[in-house]
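Participant: mmCIF, C-alpha atoms, saved as my_file-v4.cif, coming up:
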data_my_file
loop_
_atom_site.label_atom_id
_atom_site.label_comp_id
_atom_site.auth_asym_id
_atom_site.auth_seq_id
_atom_site.Cartn_x
_atom_site.Cartn_y
_atom_site.Cartn_z
CA MET H 1 0.00 0.00 0.00
CA ARG H 2 1.12 3.53 -0.73
CA SER H 3 2.38 5.49 2.25
CA GLN H 4 0.22 8.21 3.76
CA ALA H 5 0.22 11.67 2.25
CA SER H 6 0.83 14.35 4.84
CA ILE H 7 -1.22 17.53 4.58
CA LEU H 8 -0.27 20.93 5.93
CA ILE H 9 -3.23 23.31 6.20
CA VAL H 10 -2.59 27.07 6.26
CA GLU H 11 -5.85 28.81 7.04
CA PRO H 12 -6.90 31.45 9.59
CA SER H 13 -10.29 29.98 10.46
CA ASP H 14 -10.49 27.17 13.01
CA ILE H 15 -13.96 26.33 11.73
CA ILE H 16 -12.59 25.63 8.27
CA ILE H 17 -9.59 23.73 9.60
CA GLU H 18 -11.74 21.53 11.79
CA GLY H 19 -14.17 21.04 8.92
CA LEU H 20 -11.37 19.75 6.68
CA ARG H 21 -10.08 17.59 9.48
CA ALA H 22 -13.53 16.07 9.92
CA ILE H 23 -13.79 15.35 6.20
CA VAL H 24 -10.40 13.71 5.71
CA GLY H 25 -9.36 12.95 9.27
CA ASP H 26 -10.42 9.30 9.34
CA ASN H 27 -9.18 8.53 5.84
CA GLU H 28 -6.14 6.30 6.13
CA ARG H 29 -4.49 7.82 3.11
CA PHE H 30 -3.89 11.11 4.88
CA ASN H 31 -2.04 12.41 7.85
CA ILE H 32 -2.95 15.98 8.82
CA LEU H 33 -0.06 17.97 10.28
CA ALA H 34 -0.50 20.69 12.90
CA PRO H 35 -2.09 23.55 10.92
CA LEU H 36 -0.81 27.12 10.60
CA HIS H 37 -3.10 30.13 10.98
CA ASP H 38 -0.97 32.37 8.79
CA ALA H 39 1.93 32.05 6.37
CA VAL H 40 4.55 33.34 8.82
CA GLY H 41 7.43 30.86 8.93
CA LEU H 42 5.76 28.69 6.31
CA LYS H 43 8.98 27.97 4.40
CA GLU H 44 10.70 26.75 7.55
CA ARG H 45 7.73 24.54 8.35
CA LEU H 46 7.92 23.01 4.88
CA LEU H 47 11.56 22.15 5.44
CA VAL H 48 10.92 20.63 8.84
CA GLN H 49 7.63 18.81 8.25
CA GLN H 50 8.01 18.03 4.53
CA PRO H 51 4.29 17.84 3.74
CA ASP H 52 3.16 16.12 0.52
CA ILE H 53 0.24 18.47 0.11
CA LEU H 54 0.01 22.12 1.10
CA VAL H 55 -3.58 23.32 1.43
CA VAL H 56 -3.41 27.08 1.69
CA ASN H 57 -5.80 29.99 1.74
CA PRO H 58 -4.37 32.21 -1.07
CA THR H 59 -5.25 35.42 0.75
CA LEU H 60 -2.59 34.59 3.35
CA LEU H 61 0.26 34.48 0.84
CA ALA H 62 2.44 37.52 0.20
CA MET H 63 2.09 39.35 -3.11
CA PRO H 64 3.10 38.95 -5.82
CA LEU H 65 1.53 35.56 -5.47
CA ARG H 66 3.40 33.87 -8.27
CA GLN H 67 6.77 34.65 -6.70
CA THR H 68 5.61 33.39 -3.32
CA LEU H 69 4.31 30.16 -4.83
CA THR H 70 7.50 29.65 -6.82
CA GLN H 71 9.52 30.06 -3.65
CA LEU H 72 7.34 27.60 -1.76
CA GLN H 73 7.56 25.12 -4.61
CA GLN H 74 11.33 25.48 -4.77
CA THR H 75 11.53 24.90 -1.04
CA ARG H 76 9.73 21.60 -1.52
CA PRO H 77 9.46 20.72 -5.22
CA GLU H 78 7.64 17.41 -4.74
CA MET H 79 4.76 19.00 -2.85
CA ALA H 80 1.35 19.69 -4.41
CA ILE H 81 -0.03 23.15 -3.60
CA VAL H 82 -3.81 23.35 -3.32
CA ALA H 83 -5.76 26.61 -2.98
CA LEU H 84 -8.45 26.67 -0.31
CA VAL H 85 -10.95 29.31 -1.33
CA TYR H 86 -14.18 30.70 -0.05
CA GLN H 87 -14.59 33.80 -2.10
CA TYR H 88 -14.37 34.59 -5.76
CA LEU H 89 -10.81 34.59 -7.04
CA GLU H 90 -9.72 35.42 -10.56
CA PRO H 91 -9.19 32.30 -12.67
CA SER H 92 -5.70 33.63 -13.43
CA VAL H 93 -4.96 33.41 -9.70
CA LEU H 94 -6.37 29.92 -9.31
CA GLN H 95 -4.37 28.68 -12.29
CA MET H 96 -1.21 29.27 -10.29
CA PHE H 97 -2.23 26.42 -7.98
CA GLN H 98 -2.21 22.77 -8.91
CA LYS H 99 -5.72 22.28 -7.54
CA THR H 100 -8.47 24.18 -5.83
CA ILE H 101 -10.77 23.24 -2.98
CA ASP H 102 -13.80 25.48 -2.69
CA ILE H 103 -15.37 25.23 0.75
CA ARG H 104 -18.72 24.67 -0.95
CA ASP H 105 -17.37 21.50 -2.59
CA ASN H 106 -18.96 18.38 -1.21
CA ARG H 107 -17.10 15.82 0.86
CA SER H 108 -16.28 13.40 -1.96
CA ILE H 109 -14.92 16.13 -4.23
CA VAL H 110 -12.64 17.39 -1.48
CA VAL H 111 -11.32 13.90 -0.78
CA ALA H 112 -10.86 13.14 -4.49
CA CYS H 113 -8.94 16.39 -4.95
CA LEU H 114 -6.60 15.53 -2.09
CA ILE H 115 -6.09 11.96 -3.32
CA GLU H 116 -5.11 13.27 -6.76
CA SER H 117 -2.83 15.86 -5.20
CA GLY H 118 -1.15 13.14 -3.12
CA GLU H 119 -0.60 11.03 -6.20
CA LYS H 120 0.78 13.97 -8.11
CA SER H 121 3.24 14.64 -5.35
CA HIS H 122 4.42 11.02 -5.39
CA GLU H 123 4.85 10.99 -9.14
CA VAL H 124 7.08 13.98 -9.00
CA SER H 125 9.15 12.74 -6.10
CA ASP H 126 9.80 9.45 -7.90
CA GLY H 127 11.79 11.22 -10.61
CA ALA H 128 13.40 14.52 -9.74
CA GLU H 129 11.48 17.34 -11.37
CA SER H 130 13.18 18.67 -14.45
CA TYR H 131 13.00 22.28 -15.50
CA GLU H 132 14.37 21.45 -18.95
CA LEU H 133 11.73 21.64 -21.66
CA SER H 134 11.09 18.35 -23.46
CA ASP H 135 11.37 18.20 -27.26
CA ARG H 136 7.60 18.26 -27.62
CA GLU H 137 7.32 21.23 -25.27
CA LEU H 138 9.92 23.05 -27.36
CA ASP H 139 7.83 22.37 -30.49
CA VAL H 140 4.78 23.82 -28.78
CA LEU H 141 6.72 26.77 -27.38
CA VAL H 142 7.99 27.78 -30.82
CA LEU H 143 4.46 27.73 -32.21
CA VAL H 144 3.04 29.64 -29.24
CA ALA H 145 5.77 32.23 -29.69
CA LYS H 146 4.76 32.56 -33.33
CA GLY H 147 1.31 33.53 -32.15
CA LEU H 148 -0.59 30.34 -33.01
CA SER H 149 -3.64 29.42 -30.96
CA SER H 150 -3.86 26.11 -29.09
CA LYS H 151 -6.28 24.85 -31.73
CA GLU H 152 -3.89 25.72 -34.57
CA ILE H 153 -1.00 24.10 -32.72
CA ALA H 154 -3.06 20.95 -32.15
CA ASP H 155 -3.82 20.70 -35.88
CA LYS H 156 -0.25 21.36 -36.87
CA LEU H 157 1.31 18.80 -34.52
CA ASN H 158 -1.53 16.36 -34.95
CA ILE H 159 -2.27 16.13 -31.24
CA SER H 160 -5.37 16.98 -29.20
CA ILE H 161 -6.02 20.48 -27.96
CA HIS H 162 -6.06 19.03 -24.46
CA THR H 163 -2.49 17.81 -24.92
CA VAL H 164 -1.43 21.21 -26.26
CA ASN H 165 -2.89 22.91 -23.20
CA SER H 166 -1.14 20.47 -20.93
CA HIS H 167 2.19 21.22 -22.69
CA ARG H 168 1.51 24.95 -22.37
CA LYS H 169 0.88 24.57 -18.67
CA ASN H 170 4.18 22.70 -18.25
CA ILE H 171 6.04 25.30 -20.31
CA THR H 172 4.73 28.08 -18.06
CA HIS H 173 5.54 26.08 -14.95
CA LYS H 174 9.09 25.37 -16.10
CA THR H 175 9.97 28.79 -17.52
CA GLY H 176 7.99 30.91 -15.06
CA ILE H 177 6.59 32.85 -18.03
CA LYS H 178 2.89 33.07 -18.69
CA SER H 179 2.10 35.49 -21.49
CA VAL H 180 2.50 34.72 -25.18
CA ALA H 181 4.60 37.88 -25.59
CA GLY H 182 6.87 36.79 -22.73
CA LEU H 183 7.27 33.32 -24.23
CA ALA H 184 8.21 34.90 -27.56
CA VAL H 185 11.01 36.78 -25.79
CA TYR H 186 12.11 33.57 -24.08
CA ALA H 187 12.16 31.72 -27.41
CA THR H 188 14.30 34.43 -29.02
CA ILE H 189 16.78 34.54 -26.14
CA HIS H 190 17.15 30.77 -26.41
CA ASN H 191 17.52 30.91 -30.20
CA LEU H 192 14.37 28.90 -30.75
CA ALA H 193 12.39 31.40 -32.75
CA MET P 1 -9.56 39.50 10.87
CA ALA P 2 -6.85 39.56 13.47
CA THR P 3 -4.90 42.61 12.30
CA PRO P 4 -6.35 45.87 13.56
CA LEU P 5 -7.52 48.12 10.76
CA PHE P 6 -6.53 51.75 10.43
CA THR P 7 -8.95 54.32 11.89
CA ARG P 8 -9.35 58.11 12.02
CA ASN P 9 -7.30 58.16 15.20
CA THR P 10 -4.32 56.29 13.74
CA LYS P 11 -1.33 58.59 13.37
CA LEU P 12 -0.53 59.03 9.70
CA ALA P 13 3.12 58.24 10.46
CA ASP P 14 2.09 54.93 12.10
CA LEU P 15 -0.02 54.04 9.10
CA ILE P 16 2.99 54.48 6.82
CA ALA P 17 5.26 52.65 9.25
CA THR P 18 2.85 49.70 9.07
CA ASN P 19 2.87 49.66 5.28
CA HIS P 20 5.49 51.91 3.73
CA ASN P 21 3.87 51.52 0.29
CA LEU P 22 1.09 53.76 1.55
CA ILE P 23 3.43 56.70 1.17
CA LEU P 24 2.58 56.41 -2.54
CA MET P 25 -1.06 57.14 -1.71
CA MET P 26 -0.35 60.57 -0.22
CA PRO P 27 0.26 62.51 -3.44
CA ARG P 28 -2.78 60.80 -4.97
CA PHE P 29 -4.88 62.35 -2.21
CA GLY P 30 -3.06 65.67 -2.41
CA ILE P 31 -1.54 65.24 1.05
CA PRO P 32 2.03 66.58 1.29
CA LEU P 33 4.66 64.91 3.45
CA GLY P 34 5.85 66.57 6.66
CA PHE P 35 2.67 65.71 8.55
CA GLY P 36 4.36 65.41 11.94
CA ASN P 37 2.40 63.58 14.63
CA LYS P 38 -1.06 64.31 13.29
CA THR P 39 -3.72 61.63 13.02
CA VAL P 40 -5.41 60.54 9.81
CA GLY P 41 -8.56 62.46 10.82
CA GLU P 42 -6.68 65.70 11.50
CA ILE P 43 -4.72 65.56 8.25
CA CYS P 44 -7.81 64.76 6.20
CA ASP P 45 -9.68 67.69 7.72
CA THR P 46 -6.76 69.99 6.91
CA TYR P 47 -6.61 68.97 3.25
CA ASP P 48 -10.34 68.44 2.74
CA VAL P 49 -9.98 64.73 2.01
CA PRO P 50 -12.87 62.47 3.12
CA ALA P 51 -11.18 60.45 5.90
CA ASP P 52 -13.53 57.50 5.58
CA PHE P 53 -12.57 57.16 1.92
CA LEU P 54 -8.85 57.46 2.55
CA LEU P 55 -9.13 54.80 5.26
CA LEU P 56 -11.08 52.53 2.94
CA VAL P 57 -8.31 52.74 0.33
CA CYS P 58 -5.47 52.33 2.85
CA ASN P 59 -7.15 49.34 4.50
CA ALA P 60 -7.89 47.66 1.18
CA TYR P 61 -4.33 48.38 0.06
CA THR P 62 -2.78 46.90 3.19
CA PHE P 63 -4.92 44.03 4.39
CA ASP P 64 -5.49 41.45 1.67
CA ASN P 65 -8.55 39.95 3.32
CA PHE P 66 -10.18 43.30 4.09
CA LEU P 67 -13.60 43.45 2.50
CA PRO P 68 -15.73 46.54 3.19
CA ASP P 69 -19.37 45.74 3.87
CA PRO P 70 -21.94 47.22 1.48
CA GLU P 71 -23.46 49.46 4.18
CA GLN P 72 -20.07 50.98 4.90
CA LEU P 73 -19.57 51.61 1.19
CA LYS P 74 -22.92 53.37 0.95
CA GLN P 75 -22.03 55.69 3.81
CA THR P 76 -18.54 56.53 2.59
CA ASP P 77 -17.97 59.87 0.88
CA MET P 78 -16.83 58.70 -2.57
CA ARG P 79 -16.28 62.06 -4.23
CA MET P 80 -12.52 61.40 -4.42
CA LEU P 81 -12.75 57.90 -5.89
CA VAL P 82 -12.48 58.91 -9.55
CA PRO P 83 -9.78 61.57 -8.95
CA TYR P 84 -7.89 59.02 -6.87
CA LEU P 85 -8.03 56.33 -9.56
CA GLN P 86 -7.07 58.87 -12.20
CA ALA P 87 -4.10 60.03 -10.15
CA SER P 88 -3.01 56.39 -9.84
CA HIS P 89 -3.29 55.91 -13.58
CA ARG P 90 -1.24 59.07 -14.23
CA PHE P 91 1.42 57.86 -11.82
CA TYR P 92 1.75 54.52 -13.61
CA LEU P 93 1.66 55.96 -17.12
CA ALA P 94 3.63 59.17 -16.70
CA ASP P 95 6.09 58.14 -14.01
CA ARG P 96 6.61 54.42 -13.37
CA LEU P 97 6.38 52.94 -16.87
CA PRO P 98 8.76 55.49 -18.47
CA HIS P 99 11.13 55.09 -15.51
CA ILE P 100 11.22 51.32 -15.92
CA GLY P 101 11.51 51.79 -19.68
CA LEU P 102 14.62 53.92 -19.17
CA HIS P 103 16.33 51.27 -17.02
CA LEU P 104 15.40 48.65 -19.58
CA HIS P 105 16.75 50.82 -22.38
CA HIS P 106 20.14 51.09 -20.64
CA ILE P 107 20.27 47.32 -20.31
CA VAL P 108 19.07 46.70 -23.85
CA GLU P 109 21.94 48.86 -25.17
CA LYS P 110 24.43 46.46 -23.62
CA VAL P 111 23.03 43.10 -24.67
CA ASP P 112 23.05 41.30 -28.01
CA PRO P 113 20.94 43.53 -30.32
CA LYS P 114 18.78 40.56 -31.21
CA TYR P 115 17.65 40.20 -27.58
CA GLY P 116 17.53 43.95 -27.20
CA LYS P 117 15.18 44.38 -30.09
CA ILE P 118 12.63 41.87 -28.88
CA LEU P 119 12.79 43.13 -25.28
CA THR P 120 12.18 46.68 -26.48
CA ALA P 121 9.26 45.52 -28.59
CA PHE P 122 7.84 43.51 -25.68
CA TYR P 123 7.97 46.51 -23.39
CA ALA P 124 6.58 48.94 -25.97
CA ASP P 125 3.63 46.61 -26.57
CA TYR P 126 3.14 46.29 -22.86
CA GLN P 127 3.14 50.03 -22.29
CA ARG P 128 0.61 50.46 -25.06
CA GLU P 129 -1.58 47.74 -23.61
CA VAL P 130 -1.59 49.33 -20.15
CA GLN P 131 -2.29 52.73 -21.60
CA ASP P 132 -5.20 51.42 -23.69
CA HIS P 133 -6.58 49.61 -20.68
CA PHE P 134 -6.52 52.72 -18.47
CA LEU P 135 -7.89 55.00 -21.16
CA CYS P 136 -10.69 52.58 -21.92
CA GLU P 137 -11.48 52.36 -18.22
CA GLU P 138 -11.54 56.14 -17.90
CA LYS P 139 -13.79 56.46 -20.92
CA GLU P 140 -16.16 53.55 -20.28
CA VAL P 141 -16.26 53.00 -16.54
CA PHE P 142 -15.50 56.30 -14.84
CA PRO P 143 -18.55 58.14 -16.24
CA ILE P 144 -20.78 55.33 -14.91
CA LEU P 145 -18.99 55.56 -11.60
CA GLU P 146 -19.41 59.32 -11.40
CA SER P 147 -23.07 59.03 -12.18
CA VAL P 148 -23.55 56.40 -9.46
CA ILE P 149 -21.66 58.50 -6.93
CA GLY P 150 -23.83 61.47 -7.91
CA GLY P 151 -26.89 59.38 -7.05
CA GLY P 152 -27.83 58.24 -10.54
CA LYS P 153 -28.46 54.76 -11.84
CA PRO P 154 -25.83 53.09 -14.03
CA GLN P 155 -26.91 52.73 -17.64
CA SER P 156 -25.11 49.51 -18.41
CA ASP P 157 -23.14 46.88 -16.59
CA GLU P 158 -21.58 45.21 -19.58
CA SER P 159 -18.42 47.23 -19.86
CA ILE P 160 -17.57 46.59 -16.20
CA GLY P 161 -16.89 42.90 -16.61
CA LEU P 162 -14.70 43.50 -19.64
CA PHE P 163 -12.20 45.77 -18.00
CA ALA P 164 -11.94 43.62 -14.88
CA GLU P 165 -10.70 40.76 -17.05
CA SER P 166 -7.64 42.49 -18.39
CA HIS P 167 -6.24 43.41 -14.97
CA GLY P 168 -4.74 39.98 -14.43
CA ASN P 169 -2.99 40.12 -17.77
CA ILE P 170 -1.34 43.46 -16.98
CA VAL P 171 0.27 42.12 -13.83
CA ASP P 172 1.20 38.78 -15.46
CA LYS P 173 3.25 40.44 -18.16
CA LEU P 174 5.23 42.47 -15.65
CA THR P 175 5.99 39.25 -13.78
CA ASP P 176 7.11 37.72 -17.07
CA LEU P 177 9.43 40.68 -17.62
CA THR P 178 11.11 40.21 -14.23
CA GLN P 179 11.58 36.49 -14.92
CA ILE P 180 13.11 37.21 -18.32
CA VAL P 181 15.44 39.86 -16.93
CA TYR P 182 16.79 37.93 -13.98
CA MET P 183 16.55 34.37 -15.18
CA TYR P 184 17.29 34.48 -18.87
CA LEU P 185 19.24 37.60 -19.84
CA PRO P 186 23.02 37.30 -19.73
CA GLY P 187 23.87 38.26 -16.15
CA ASN P 188 27.00 40.33 -16.61
CA VAL P 189 25.46 43.47 -18.07
CA LEU P 190 24.90 46.37 -15.68
CA PRO P 191 24.18 44.21 -12.62
CA GLU P 192 23.38 47.18 -10.34
CA GLU P 193 20.95 48.72 -12.77
CA THR P 194 19.38 45.32 -13.44
CA ILE P 195 18.69 44.89 -9.75
CA GLU P 196 17.23 48.40 -9.58
CA LEU P 197 15.05 47.53 -12.54
CA ILE P 198 13.81 44.35 -10.85
CA PHE P 199 12.91 46.23 -7.67
CA ASP P 200 11.11 48.91 -9.66
CA ILE P 201 9.11 46.29 -11.54
CA LEU P 202 8.24 44.36 -8.37
CA GLN P 203 7.12 47.57 -6.69
CA LEU P 204 4.95 48.45 -9.67
CA SER P 205 3.49 44.91 -9.86
CA ASN P 206 2.60 45.13 -6.21
CA ASP P 207 1.03 48.55 -6.67
CA LEU P 208 -0.95 47.41 -9.72
CA GLU P 209 -2.21 44.34 -7.89
CA LYS P 210 -3.44 46.51 -5.04
CA HIS P 211 -4.94 48.95 -7.50
CA ALA P 212 -6.89 46.07 -9.04
CA LEU P 213 -8.00 44.98 -5.55
CA ILE P 214 -9.27 48.47 -4.79
CA GLU P 215 -11.25 48.47 -8.01
CA GLU P 216 -12.59 45.02 -7.18
CA LYS P 217 -13.47 45.76 -3.56
CA ILE P 218 -14.69 49.34 -3.82
CA LEU P 219 -15.44 50.37 -7.38
CA MET P 220 -17.23 47.24 -8.56
CA PRO P 221 -19.53 46.77 -5.54
CA LEU P 222 -20.37 50.46 -5.71
CA ILE P 223 -21.53 50.16 -9.30
CA LEU P 224 -23.18 46.76 -8.93
CA GLN P 225 -25.12 47.50 -5.74
CA GLN P 226 -27.41 49.90 -7.58
#
Can I see the file as structure tokens?
Facilitator:
Amino acid sequence: MRSQASILIVEPSDIIIEGLRAIVGDNERFNILAPLHDAVGLKERLLVQQPDILVVNPTLLAMPLRQTLTQLQQTRPEMAIVALVYQYLEPSVLQMFQKTIDIRDNRSIVVACLIESGEKSHEVSDGAESYELSDRELDVLVLVAKGLSSKEIADKLNISIHTVNSHRKNITHKTGIKSVAGLAVYATIHNLA
Amino acid sequence: MATPLFTRNTKLADLIATNHNLILMMPRFGIPLGFGNKTVGEICDTYDVPADFLLLVCNAYTFDNFLPDPEQLKQTDMRMLVPYLQASHRFYLADRLPHIGLHLHHIVEKVDPKYGKILTAFYADYQREVQDHFLCEEKEVFPILESVIGGGKPQSDESIGLFAESHGNIVDKLTDLTQIVYMYLPGNVLPEETIELIFDILQLSNDLEKHALIEEKILMPLILQQ
């Protein structure tokens, strides 16, 4: 059997924390670590407790959010970072997280999300995460930089649009660059364009 | 929330000590520095700034989970909202973006012209995008806002959603620029100026994110409540 996934919750509200605990507490797959009420000293906690899943309320993280998340991920690359939200957040913000738990989600969705996050974290820890772009990702990057849409790229490379989007997500994760214009600059600097 | 919010009786100097970025707000409200030991209330009375509005902005700017309740918004004197937002826009367009552009230009002159050219183009496009966004907002949204503040009913809600969407993009591209400059450009050109550039961009990103929050937390509810 797979080992337990440890979960670190960072959330100001005890009600929410206890709610999550009640939902996943008796599931043998998970081990809930002592929660934090704010993000102070979070990096140190990651180093000491080495959680597999970080469930964090995004409003607690310092701005700019992307930098903070990158730092957290670098501190513990194999960890999955899950946003815990109870108000509307821009999709562009939520995209920075691997998964999202909305407190209105029902019990089974919350558990499923954490199971997937735990599996994701194991996959990554099995092989060290590489920040080098794969050949296929380079193909996609060049076409993105040329201004092609995901649909056009899918047709050109003869792959599904879903696969293109998944490559694009990996490219952004690996390069730290999100916009098409930024990726075009990246491609030029790396003599790809 | 656990952190105490700013009030009329907070000393202006303490407010800035808590969040030094708030010093940027002062010129936007027409409040000069050199305010001594005076409280927010005293200073606002002196310069005819509605204190409740200044506090709303400073609280939203400082505490990420601060959300004003609709009643409080209704009671706040909003006459400075549009001038405040306009002053912010002017600051970004006339001061920060050209300043960052100048740093970038110095760096571009020293790198391989091929990189330089595309970086210059990236930044020029970005500046244009921000400018278009602000101008569109001033043309489409501010008149609705002014009418609502004056007690009128908004004529249309459609334009509001549109401009909210592009906020995220504006901040994302700045983040991309910092990544490109410190991760991917050759590191041996003008290291001091490069670091200055990074700090300037991070400061502007932070300010723009807060600006977007203020529009989300104050401007939007104000228009949509009607």
Participant: Looking at all atoms listed in the file, which of P:Leu213, P:Ile218, P:Leu67, P:Val82 is the one that sits closest to Phe142 (chain P)?
Facilitator: P:Val82
Participant: Pull out every residue of chain H sitting within 8 Å of chain P, counting all atoms listed in the file, and send them as an NGL selection string.
Facilitator: :H and (59-60 or 63-64 or 90 or 92 or 176-179 or 181-182 or 185-186 or 188-189)
Participant: Which polymer residues have any atom within 10 Å of an atom of Ile214 (chain P), counting only C-alpha atoms, with same-chain residues fewer than 2 positions away left out, as a ChimeraX atom specification?
Facilitator: /P:56-61,67,85,208-212,216-220
Participant: For Met78 (chain P), find every residue with an atom within 9 Å (counting only C-alpha atoms), except residues of its own chain fewer than 2 positions away, and show them as number ranges by chain.
Facilitator: P: 50, 52-53, 73-76, 80-82, 149
Participant: Considering all atoms listed in the file, state which residue in the set H:Thr70, H:Ile9, H:Asn27, H:Leu20 is at the smallest distance from Val55 (chain H).
Facilitator: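 Ranked by minimum distance to Val55 (chain H), first place goes to H:Ile9.
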Participant: Could you state the separation of CA of Cys113 (chain H) and CA of Ser166 (chain H) in Å, given to one decimal place?
Facilitator: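 Distance reported for this atom pair: 18.2 Å.
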Participant: To one decimal in Å, tell me the separation between CA of Leu102 (chain P) and CA of Arg128 (chain P).
Facilitator: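 Taking CA of Leu102 (chain P) and CA of Arg128 (chain P), their separation equals 15.6 Å.
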Participant: Applied to the shown file, which residues does the PyMOL selection byres ((chain P and resi 90-93) around 10) return, written as a ChimeraX atom specification?
Facilitator: /P:24,27-28,84-89,94-99,127-128,130-131,134,204,207-208
Participant: Could you expand the PyMOL selection byres ((chain H and resi 34) around 12) into the explicit residues it covers here, written as a list in words?
Facilitator: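 Checked against the file, the PyMOL selection byres ((chain H and resi 34) around 12) matches Ser6, Ile7, Leu8, Ile9, Val10, Glu11, Asp14, Ile17, Glu18, Arg21, Asn31, Ile32, Leu33, Pro35, Leu36, His37, Arg45, Leu46, Gln49, Pro51 and Leu54 of chain H.
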Participant: In Å, rounded to a single decimal, give me how far CA of His103 (chain P) is from CA of Tyr182 (chain P).
Facilitator: 13.7 Å
Participant: So which residues fall inside 10 Å of (12.7, 23.0, -19.8) if we count all atoms listed in the file? Mind giving them as a list of chain:residue names?
Facilitator: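 Checked against the point, the hits come out as H:Ser130, H:Tyr131, H:Glu132, H:Leu133, H:Ser134, H:Asp135, H:Glu137, H:Leu138, H:Asn170, H:Ile171, H:Thr172, H:His173, H:Lys174, H:Thr175.
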Participant: Report the residues retrieved by the PyMOL selection byres ((chain P and resi 38-46) around 10) from the displayed file, expressed as a list in words.
Facilitator: Phe6, Thr7, Arg8, Asn9, Thr10, Lys11, Leu12, Ala13, Asp14, Leu15, Phe29, Gly30, Ile31, Pro32, Gly34, Phe35, Gly36, Asn37, Tyr47, Asp48, Val49, Pro50, Ala51, Asp52, Phe53, Leu54 and Leu55 of chain P
Participant: Next, the residues of the selection above should be written as a short mmCIF file (atom, residue, chain, number, x, y, z; two decimals), in the coordinates of the input with C-alpha atoms.
Facilitator:
data_model
loop_
_atom_site.label_atom_id
_atom_site.label_comp_id
_atom_site.auth_asym_id
_atom_site.auth_seq_id
_atom_site.Cartn_x
_atom_site.Cartn_y
_atom_site.Cartn_z
CA PHE P 6 -6.53 51.75 10.43
CA THR P 7 -8.95 54.32 11.89
CA ARG P 8 -9.35 58.11 12.02
CA ASN P 9 -7.30 58.16 15.20
CA THR P 10 -4.32 56.29 13.74
CA LYS P 11 -1.33 58.59 13.37
CA LEU P 12 -0.53 59.03 9.70
CA ALA P 13 3.12 58.24 10.46
CA ASP P 14 2.09 54.93 12.10
CA LEU P 15 -0.02 54.04 9.10
CA PHE P 29 -4.88 62.35 -2.21
CA GLY P 30 -3.06 65.67 -2.41
CA ILE P 31 -1.54 65.24 1.05
CA PRO P 32 2.03 66.58 1.29
CA GLY P 34 5.85 66.57 6.66
CA PHE P 35 2.67 65.71 8.55
CA GLY P 36 4.36 65.41 11.94
CA ASN P 37 2.40 63.58 14.63
CA TYR P 47 -6.61 68.97 3.25
CA ASP P 48 -10.34 68.44 2.74
CA VAL P 49 -9.98 64.73 2.01
CA PRO P 50 -12.87 62.47 3.12
CA ALA P 51 -11.18 60.45 5.90
CA ASP P 52 -13.53 57.50 5.58
CA PHE P 53 -12.57 57.16 1.92
CA LEU P 54 -8.85 57.46 2.55
CA LEU P 55 -9.13 54.80 5.26
#
Participant: Just the residues within 7 Å of Lys99 (chain H), please, counting all atoms listed in the file, with nothing from its chain fewer than 4 positions along; format it as a ChimeraX atom specification.
Facilitator: /H:81-83
Participant: Could you write those residues out with C-alpha atoms, as a PDB file, in the frame of the given file?
Facilitator:
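Saved result, part_17.pdb, follows:
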ATOM      1  CA  ILE H  81      -0.030  23.150  -3.600  1.00  0.00           C
ATOM      2  CA  VAL H  82      -3.810  23.350  -3.320  1.00  0.00           C
ATOM      3  CA  ALA H  83      -5.760  26.610  -2.980  1.00  0.00           C
TER       4      ALA H  83
END
